[in-house]
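Below is work12.csv, which holds CSV, C-alpha atoms.
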chain,number,residue,atom,x,y,z
M,1412,MET,CA,8.9,38.6,38.1
M,1413,ASN,CA,11.4,36.4,40.0
M,1414,ARG,CA,13.4,38.8,42.1
M,1415,GLU,CA,16.4,36.5,42.5
M,1416,HIS,CA,16.5,35.8,38.7
M,1417,GLU,CA,16.4,39.6,38.0
M,1418,ILE,CA,19.2,40.3,40.4
M,1419,TYR,CA,21.2,37.5,38.8
M,1420,LYS,CA,20.7,39.0,35.3
M,1421,VAL,CA,21.8,42.5,36.4
M,1422,THR,CA,24.9,41.1,38.2
M,1423,LEU,CA,25.9,38.8,35.3
M,1424,VAL,CA,25.8,41.8,32.9
M,1425,GLY,CA,28.2,43.6,35.3
M,1426,SER,CA,30.4,40.6,35.7
M,1427,ALA,CA,30.8,40.2,31.9
M,1428,CYS,CA,31.8,43.8,31.5
M,1429,ASN,CA,34.1,43.7,34.5
M,1430,ALA,CA,35.9,40.6,33.2
M,1431,ALA,CA,36.4,42.2,29.8
M,1432,LEU,CA,37.6,45.5,31.3
M,1433,LEU,CA,40.0,44.1,33.8
M,1434,VAL,CA,41.8,42.1,31.0
M,1435,PHE,CA,41.9,45.1,28.7
M,1436,LYS,CA,43.2,47.3,31.5
M,1437,PHE,CA,45.9,44.9,32.5
M,1438,VAL,CA,47.1,44.7,28.9
M,1439,ALA,CA,46.9,48.5,28.4
M,1440,GLY,CA,48.7,49.1,31.7
M,1441,ILE,CA,51.6,46.7,30.8
M,1442,VAL,CA,51.9,47.7,27.1
M,1443,GLY,CA,51.3,51.4,27.9
M,1444,HIS,CA,53.8,51.4,30.8
M,1445,SER,CA,51.1,52.9,33.1
M,1446,SER,CA,51.1,51.9,36.8
M,1447,ALA,CA,48.0,54.0,37.2
M,1448,MET,CA,46.2,51.8,34.7
M,1449,ILE,CA,47.5,48.6,36.4
M,1450,ALA,CA,46.1,49.9,39.7
M,1451,ASP,CA,42.8,50.7,37.9
M,1452,ALA,CA,42.8,47.1,36.6
M,1453,VAL,CA,43.2,45.8,40.2
M,1454,HIS,CA,40.1,47.9,41.1
M,1455,SER,CA,38.2,46.3,38.2
M,1456,LEU,CA,39.3,42.9,39.6
M,1457,SER,CA,37.7,43.9,43.0
M,1458,ASP,CA,34.5,44.7,41.1
M,1459,PHE,CA,34.5,41.3,39.6
M,1460,VAL,CA,35.0,39.7,43.0
M,1461,THR,CA,32.1,41.6,44.4
M,1462,ASP,CA,29.9,40.5,41.5
M,1463,LEU,CA,30.6,36.9,42.6
M,1464,LEU,CA,29.7,37.8,46.2
M,1465,VAL,CA,26.3,39.1,45.1
M,1466,LEU,CA,25.6,36.0,43.1
M,1467,VAL,CA,26.4,33.7,46.0
M,1468,PHE,CA,24.7,35.7,48.8
M,1469,VAL,CA,21.6,36.6,46.9
M,1470,LYS,CA,21.1,32.9,46.1
M,1471,ILE,CA,21.2,32.2,49.8
M,1472,SER,CA,19.0,35.1,50.9
M,1473,ALA,CA,16.3,34.0,48.5
M,1474,LYS,CA,15.8,30.8,50.5
M,1475,PRO,CA,12.5,30.7,52.3
M,1476,GLN,CA,12.1,30.5,56.1
M,1477,ASP,CA,12.9,27.2,57.7
M,1478,LYS,CA,13.3,25.7,61.1
M,1479,THR,CA,16.5,27.5,61.9
M,1480,HIS,CA,15.6,30.9,60.2
M,1481,ASP,CA,12.0,31.9,61.2
M,1482,TYR,CA,12.4,35.2,59.4
M,1483,GLY,CA,14.0,33.9,56.3
M,1484,HIS,CA,17.6,34.4,55.0
M,1485,GLY,CA,17.4,38.1,54.0
M,1486,LYS,CA,20.3,39.1,56.2
M,1487,TYR,CA,22.6,37.3,53.9
M,1488,GLU,CA,22.0,39.9,51.3
M,1489,THR,CA,22.8,42.6,53.8
M,1490,MET,CA,26.0,40.7,54.6
M,1491,ALA,CA,26.9,40.8,50.9
M,1492,SER,CA,26.4,44.6,51.0
M,1493,PHE,CA,28.6,44.8,54.0
M,1494,LEU,CA,31.4,42.7,52.4
M,1495,ILE,CA,31.1,44.8,49.2
M,1496,ALA,CA,31.6,48.0,51.2
M,1497,LEU,CA,34.6,46.5,52.9
M,1498,ALA,CA,36.1,45.5,49.5
M,1499,LEU,CA,35.5,49.0,48.3
M,1500,MET,CA,37.3,50.4,51.4
M,1501,LEU,CA,40.2,48.1,50.8
M,1502,ALA,CA,40.4,49.0,47.1
M,1503,ALA,CA,40.3,52.7,48.0
M,1504,GLY,CA,43.1,52.2,50.6
M,1505,GLY,CA,45.2,50.4,47.9
M,1506,ILE,CA,44.7,53.3,45.5
M,1507,ILE,CA,45.6,55.9,48.1
M,1508,PHE,CA,48.7,53.9,49.2
M,1509,ALA,CA,49.9,53.4,45.6
M,1510,GLY,CA,49.4,57.1,44.8
M,1511,ALA,CA,51.1,58.2,48.0
M,1512,THR,CA,54.1,55.9,47.3
M,1513,LYS,CA,54.6,57.4,43.9
M,1514,LEU,CA,54.2,60.9,45.3
M,1515,VAL,CA,56.9,60.3,47.9
M,1516,ALA,CA,59.2,58.8,45.3
M,1517,TRP,CA,58.7,61.8,43.0
M,1518,TRP,CA,59.3,64.2,45.9
M,1519,GLY,CA,62.6,62.3,46.5
M,1520,GLY,CA,63.8,63.0,43.0
M,1521,ALA,CA,62.6,59.8,41.3
M,1522,GLN,CA,61.6,60.1,37.6
M,1523,LEU,CA,58.1,58.5,37.1
M,1524,GLU,CA,57.6,56.7,33.8
M,1525,ALA,CA,55.3,58.5,31.3
M,1526,PRO,CA,52.4,56.3,30.1
M,1527,GLY,CA,51.3,55.6,26.5
M,1528,TRP,CA,48.2,56.4,24.6
M,1529,LEU,CA,46.7,52.9,24.9
M,1530,ALA,CA,46.5,53.4,28.7
M,1531,LEU,CA,44.6,56.7,28.2
M,1532,TRP,CA,42.1,55.1,25.8
M,1533,ALA,CA,41.6,52.3,28.3
M,1534,ALA,CA,40.8,54.8,31.0
M,1535,LEU,CA,38.3,56.7,28.9
M,1536,LEU,CA,36.6,53.5,27.8
M,1537,SER,CA,36.3,52.4,31.4
M,1538,ILE,CA,34.7,55.7,32.5
M,1539,VAL,CA,31.9,55.3,29.9
M,1540,VAL,CA,31.3,51.6,30.5
M,1541,LYS,CA,31.4,51.8,34.3
M,1542,GLU,CA,29.1,54.9,34.5
M,1543,LEU,CA,26.6,53.1,32.3
M,1544,LEU,CA,26.8,50.0,34.5
M,1545,TYR,CA,26.3,52.2,37.6
M,1546,GLN,CA,23.2,53.8,36.2
M,1547,PHE,CA,21.7,50.5,35.1
M,1548,THR,CA,22.6,48.6,38.4
M,1549,ALA,CA,21.4,51.5,40.6
M,1550,TYR,CA,18.1,51.7,38.8
M,1551,ARG,CA,17.5,47.9,39.1
M,1552,GLY,CA,18.7,48.0,42.7
M,1553,ARG,CA,16.0,50.6,43.6
M,1554,SER,CA,13.3,48.8,41.6
M,1555,LEU,CA,14.1,45.4,43.2
M,1556,ASP,CA,14.8,47.0,46.6
M,1557,SER,CA,18.1,45.1,46.8
M,1558,PRO,CA,20.8,46.5,49.1
M,1559,ALA,CA,23.4,44.2,47.5
M,1560,LEU,CA,22.7,45.5,44.0
M,1561,THR,CA,22.8,49.1,45.3
M,1562,ALA,CA,26.1,48.6,46.9
M,1563,ASN,CA,27.4,46.9,43.8
M,1564,ALA,CA,26.2,49.9,41.7
M,1565,TRP,CA,28.4,52.1,43.8
M,1566,HIS,CA,31.3,49.8,43.2
M,1567,HIS,CA,30.8,50.4,39.5
M,1568,ARG,CA,30.7,54.1,40.1
M,1569,SER,CA,33.9,53.9,42.2
M,1570,ASP,CA,35.6,52.2,39.3
M,1571,ALA,CA,34.5,55.0,37.0
M,1572,LEU,CA,35.9,57.6,39.4
M,1573,SER,CA,39.1,55.6,39.7
M,1574,SER,CA,39.3,55.7,35.9
M,1575,ILE,CA,38.8,59.4,35.9
M,1576,GLY,CA,41.7,59.8,38.2
M,1577,ALA,CA,43.8,57.5,36.0
M,1578,ALA,CA,42.7,59.4,32.8
M,1579,ILE,CA,43.7,62.8,34.4
M,1580,GLY,CA,47.1,61.5,35.4
M,1581,ILE,CA,47.8,59.6,32.2
M,1582,GLY,CA,46.5,62.4,30.0
M,1583,GLY,CA,48.4,65.1,31.9
M,1584,ALA,CA,51.6,63.1,31.6
M,1585,ILE,CA,51.1,62.5,27.9
M,1586,LEU,CA,49.9,66.0,26.9
M,1587,LEU,CA,51.9,68.2,29.4
M,1588,GLY,CA,55.2,66.3,29.4
M,1589,GLN,CA,57.4,64.5,31.9
M,1590,ARG,CA,57.2,67.3,34.5
M,1591,TRP,CA,53.5,66.7,35.0
M,1592,VAL,CA,53.6,62.9,35.5
M,1593,VAL,CA,53.0,63.7,39.2
M,1594,LEU,CA,49.4,64.4,38.3
M,1595,ASP,CA,48.8,60.6,38.2
M,1596,PRO,CA,49.5,59.9,41.9
M,1597,LEU,CA,47.8,63.2,43.0
M,1598,ALA,CA,44.6,62.4,41.2
M,1599,SER,CA,44.5,58.8,42.5
M,1600,ILE,CA,44.8,60.0,46.1
M,1601,VAL,CA,41.9,62.4,45.6
M,1602,VAL,CA,39.8,59.7,44.0
M,1603,GLY,CA,40.7,57.2,46.7
M,1604,LEU,CA,39.5,59.6,49.4
M,1605,MET,CA,36.2,59.9,47.6
M,1606,LEU,CA,35.8,56.1,47.5
M,1607,VAL,CA,36.5,55.9,51.2
M,1608,SER,CA,33.5,58.3,51.8
M,1609,VAL,CA,31.2,56.1,49.6
M,1610,ALA,CA,32.4,53.0,51.4
M,1611,LEU,CA,31.7,54.5,54.8
M,1612,LYS,CA,28.1,55.4,53.8
M,1613,LEU,CA,27.5,51.8,52.6
M,1614,LEU,CA,29.0,50.4,55.8
M,1615,ASN,CA,26.7,52.5,57.9
M,1616,VAL,CA,23.6,51.3,56.1
M,1617,SER,CA,24.6,47.6,56.2
M,1618,MET,CA,25.8,47.8,59.8
M,1619,GLY,CA,22.5,49.4,60.7
M,1620,GLU,CA,20.5,46.5,59.3
M,1621,LEU,CA,22.8,43.9,60.8
M,1622,THR,CA,22.5,45.5,64.3
M,1623,GLU,CA,18.7,45.7,64.0
M,1624,ARG,CA,18.5,49.5,63.5
M,1625,SER,CA,14.9,50.8,63.3
M,1626,LEU,CA,13.4,52.2,60.1
M,1627,PRO,CA,13.7,56.0,59.6
M,1628,GLU,CA,11.4,58.1,61.8
M,1629,ALA,CA,9.4,59.3,58.8
M,1630,THR,CA,8.7,55.7,57.8
M,1631,GLU,CA,7.6,54.8,61.4
M,1632,ARG,CA,5.2,57.8,61.4
M,1633,GLU,CA,3.8,56.6,58.1
M,1634,ILE,CA,3.2,53.2,59.6
M,1635,MET,CA,1.4,54.7,62.6
M,1636,GLU,CA,-0.8,56.7,60.2
M,1637,ILE,CA,-1.7,53.6,58.2
M,1638,VAL,CA,-2.7,51.8,61.4
M,1639,CYS,CA,-4.8,54.7,62.7
M,1640,SER,CA,-6.6,54.9,59.3
M,1641,LEU,CA,-8.6,51.8,60.1
M,1642,PRO,CA,-11.9,52.1,61.9
M,1643,ASP,CA,-12.3,51.0,65.5
M,1644,VAL,CA,-8.5,50.9,66.0
M,1645,CYS,CA,-6.7,53.5,68.3
M,1646,GLN,CA,-3.7,54.2,70.4
M,1647,PRO,CA,-1.0,52.3,68.4
M,1648,HIS,CA,2.1,51.9,70.5
M,1649,ASN,CA,5.2,49.7,71.1
M,1650,LEU,CA,6.1,50.0,67.4
M,1651,ARG,CA,9.2,48.0,66.5
M,1652,THR,CA,10.6,48.0,63.0
M,1653,ARG,CA,13.7,46.6,61.2
M,1654,ARG,CA,15.0,45.5,57.9
M,1655,ILE,CA,15.7,41.8,57.0
M,1656,GLY,CA,17.5,42.1,53.7
M,1657,TYR,CA,15.0,43.6,51.2
M,1658,ARG,CA,12.1,42.7,53.6
M,1659,THR,CA,10.6,44.9,56.3
M,1660,ALA,CA,9.5,43.6,59.7
M,1661,ILE,CA,6.9,45.5,61.7
M,1662,GLU,CA,5.5,44.8,65.2
M,1663,VAL,CA,2.9,47.1,66.7
M,1664,HIS,CA,0.3,47.0,69.6
M,1665,VAL,CA,-3.1,48.6,69.0
M,1666,ARG,CA,-6.2,49.0,71.2
M,1667,MET,CA,-9.8,48.2,70.5
M,1668,ASP,CA,-13.1,48.2,72.5
M,1669,GLY,CA,-12.8,45.4,75.0
M,1670,SER,CA,-16.2,44.0,74.1
M,1671,THR,CA,-15.3,43.5,70.5
M,1672,PRO,CA,-15.8,39.8,69.5
M,1673,LEU,CA,-12.7,37.8,68.8
M,1674,ASP,CA,-13.5,37.2,65.1
M,1675,GLU,CA,-13.9,41.0,64.6
M,1676,ALA,CA,-10.6,41.7,66.4
M,1677,HIS,CA,-8.9,39.2,64.2
M,1678,ARG,CA,-10.5,40.8,61.1
M,1679,GLN,CA,-9.2,44.2,62.1
M,1680,ALA,CA,-5.7,42.8,62.8
M,1681,THR,CA,-5.7,41.1,59.3
M,1682,ALA,CA,-6.8,44.4,57.7
M,1683,ILE,CA,-3.9,46.2,59.3
M,1684,GLU,CA,-1.5,43.5,58.1
M,1685,HIS,CA,-2.9,43.8,54.5
M,1686,LYS,CA,-2.6,47.6,54.5
M,1687,LEU,CA,1.0,47.5,55.6
M,1688,LYS,CA,1.9,44.8,53.1
M,1689,GLU,CA,0.2,46.9,50.3
M,1690,ARG,CA,2.6,49.7,51.3
M,1691,PHE,CA,5.8,47.8,52.1
M,1692,GLY,CA,5.5,44.7,50.0
M,1693,SER,CA,3.9,41.3,50.2
M,1694,HIS,CA,7.0,39.8,52.0
M,1695,THR,CA,6.7,42.2,54.9
M,1696,HIS,CA,6.6,40.5,58.3
M,1697,VAL,CA,3.7,42.0,60.3
M,1698,THR,CA,2.8,41.3,63.9
M,1699,VAL,CA,-0.2,43.0,65.4
M,1700,HIS,CA,-1.0,42.7,69.1
M,1701,MET,CA,-4.6,43.6,70.1
M,1702,GLU,CA,-5.3,45.1,73.6
M,1703,PRO,CA,-8.6,46.4,75.2
M,1704,ILE,CA,-8.8,50.2,75.5
M,1705,LYS,CA,-7.6,51.7,78.7
M,1706,ASN,CA,-8.3,55.1,80.1
M,1707,GLU,CA,-4.7,56.2,80.4
M,1708,THR,CA,-2.9,57.4,77.4
M,1709,ALA,CA,-0.2,55.0,76.1
M,1710,ASP,CA,3.1,56.0,74.8
M,1711,ARG,CA,3.4,56.1,71.0
M,1712,TYR,CA,6.6,54.0,70.9

Let me see whether you can do it: turn the structure in this file into structure tokens.
Amino acid sequence: MNREHEIYKVTLVGSACNAALLVFKFVAGIVGHSSAMIADAVHSLSDFVTDLLVLVFVKISAKPQDKTHDYGHGKYETMASFLIALALMLAAGGIIFAGATKLVAWWGGAQLEAPGWLALWAALLSIVVKELLYQFTAYRGRSLDSPALTANAWHHRSDALSSIGAAIGIGGAILLGQRWVVLDPLASIVVGLMLVSVALKLLNVSMGELTERSLPEATEREIMEIVCSLPDVCQPHNLRTRRIGYRTAIEVHVRMDGSTPLDEAHRQATAIEHKLKERFGSHTHVTVHMEPIKNETADRY
């Protein structure tokens, strides 16, 4: 399976759905006199833009290592995830601002225009389509270990949540009458705050990778256990880990009997490398430094 090709296929499916939805939403918002649906269409437009980001950055991240990138180009995929999270944050801010503006206008006595049924049907269709896209993209993101796809999946989910807010506001205005048109801006503000929370989580993950954050403590413990499982190897220490896009980088020092022949030490180091690649993937970067055993106890990390 070509990972880059699979990511492209998943992203192109999302792009096609986003393109169709944003056109339908804009038409429904204009014809149905729904500012909430127009705002939702703008959110779908941001989804379409993030799809393009994934297509561009994943293409770059798939390039092999070269003279200027000894560890490959995997961080470009992390950068795509970071930019998607920023786009999500901006979309959430726009939704909150638009909702707050309407709420202030309503509080000041302005009469908000009631939307039509077409806008409501557009919101309900968007909820179904975008939730299905979220489930599909999130599943493929996990199976392909792609941070960009995972971030893009949450962008699909955010659009579904945005459409739920629009559906509540539009449906309330249609079914409950003019007095309840205010449900539209109230719901959009709540949904916007939810999207901010999701965007912050995605930013935290991508910023951690861009700033060389170590792998989780539980993962590092697992690495040490794998290293210690090999015979004639002891006292692993100076463990250093990080993520490079979908790849993992591991550096570790281990100790062996100082009288061990060089070819045997090399065989043991290769065995450690193979064991770690079996667990974390064939593209894992592994560096093993062999040292003679000393009497004093070394630190684990």

### Counting all atoms listed in the file, the option among M:Phe1459, M:Ile1655, M:Ile1637, M:Gly1443 closest to Glu1684 in chain M
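The shortest atom-to-atom distance to Glu1684 in chain M comes from M:Ile1637.
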
* Counting only C-alpha atoms, the option among M:Leu1594, M:Cys1428, M:Val1601, M:Cys1639 closest to Tyr1545 in chain M ->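 Result for the nearest residue to Tyr1545 in chain M: M:Cys1428.
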
### Task
Would you kindly return, as a list in words, each protein, DNA or RNA residue with an atom no farther than 9 Å from any atom of range 1701-1705 of chain M, considering only C-alpha atoms and excluding same-chain residues fewer than 5 positions away?
Cys1645, Gln1646, Val1663, His1664, Val1665, Arg1666, Met1667, Asp1668, Gly1669, Ser1670, Thr1671, Ala1676, His1677 and Ala1680 of chain M

Students should find that CA of Val1592 in chain M and CA of Val1607 in chain M are spaced 24.2 Å

request  = Extract, using only C-alpha atoms, all DNA, RNA and protein residues at most 7 Å from range 1432-1435 of chain M, discarding same-chain residues fewer than 4 positions from it, and format them as a VMD selection string.
outcome  = chain M and resid 1428 1439 1452 1455 to 1456

Please dump the current selection as a PDB file, in the frame of the given file; keep C-alpha atoms.
ATOM      1  CA  CYS M1428      31.800  43.800  31.500  1.00  0.00           C
ATOM      2  CA  ALA M1439      46.900  48.500  28.400  1.00  0.00           C
ATOM      3  CA  ALA M1452      42.800  47.100  36.600  1.00  0.00           C
ATOM      4  CA  SER M1455      38.200  46.300  38.200  1.00  0.00           C
ATOM      5  CA  LEU M1456      39.300  42.900  39.600  1.00  0.00           C
TER       6      LEU M1456
END

Judged by only C-alpha atoms, the minimum distance to Val1593 in chain M among M:Leu1673, M:Ala1577, M:Ile1661, M:Ala1427 is found for M:Ala1577

What lies within 9 Å of range 1470-1478 of chain M using all atoms listed in the file, ignoring chain neighbours under 2 positions off, as a PyMOL selection string?
chain M and resi 1414-1415+1419+1465-1468+1480-1489+1656

Exercise for the section: Compute the distance from (20.1, 46.9, 59.2) to each atom, counting all atoms listed in the file, keep the residues with any atom at most 10 Å away, and return them as number ranges by chain; use the coordinates of the file. Expected result: M: 1486, 1489-1490, 1615-1626, 1653-1656
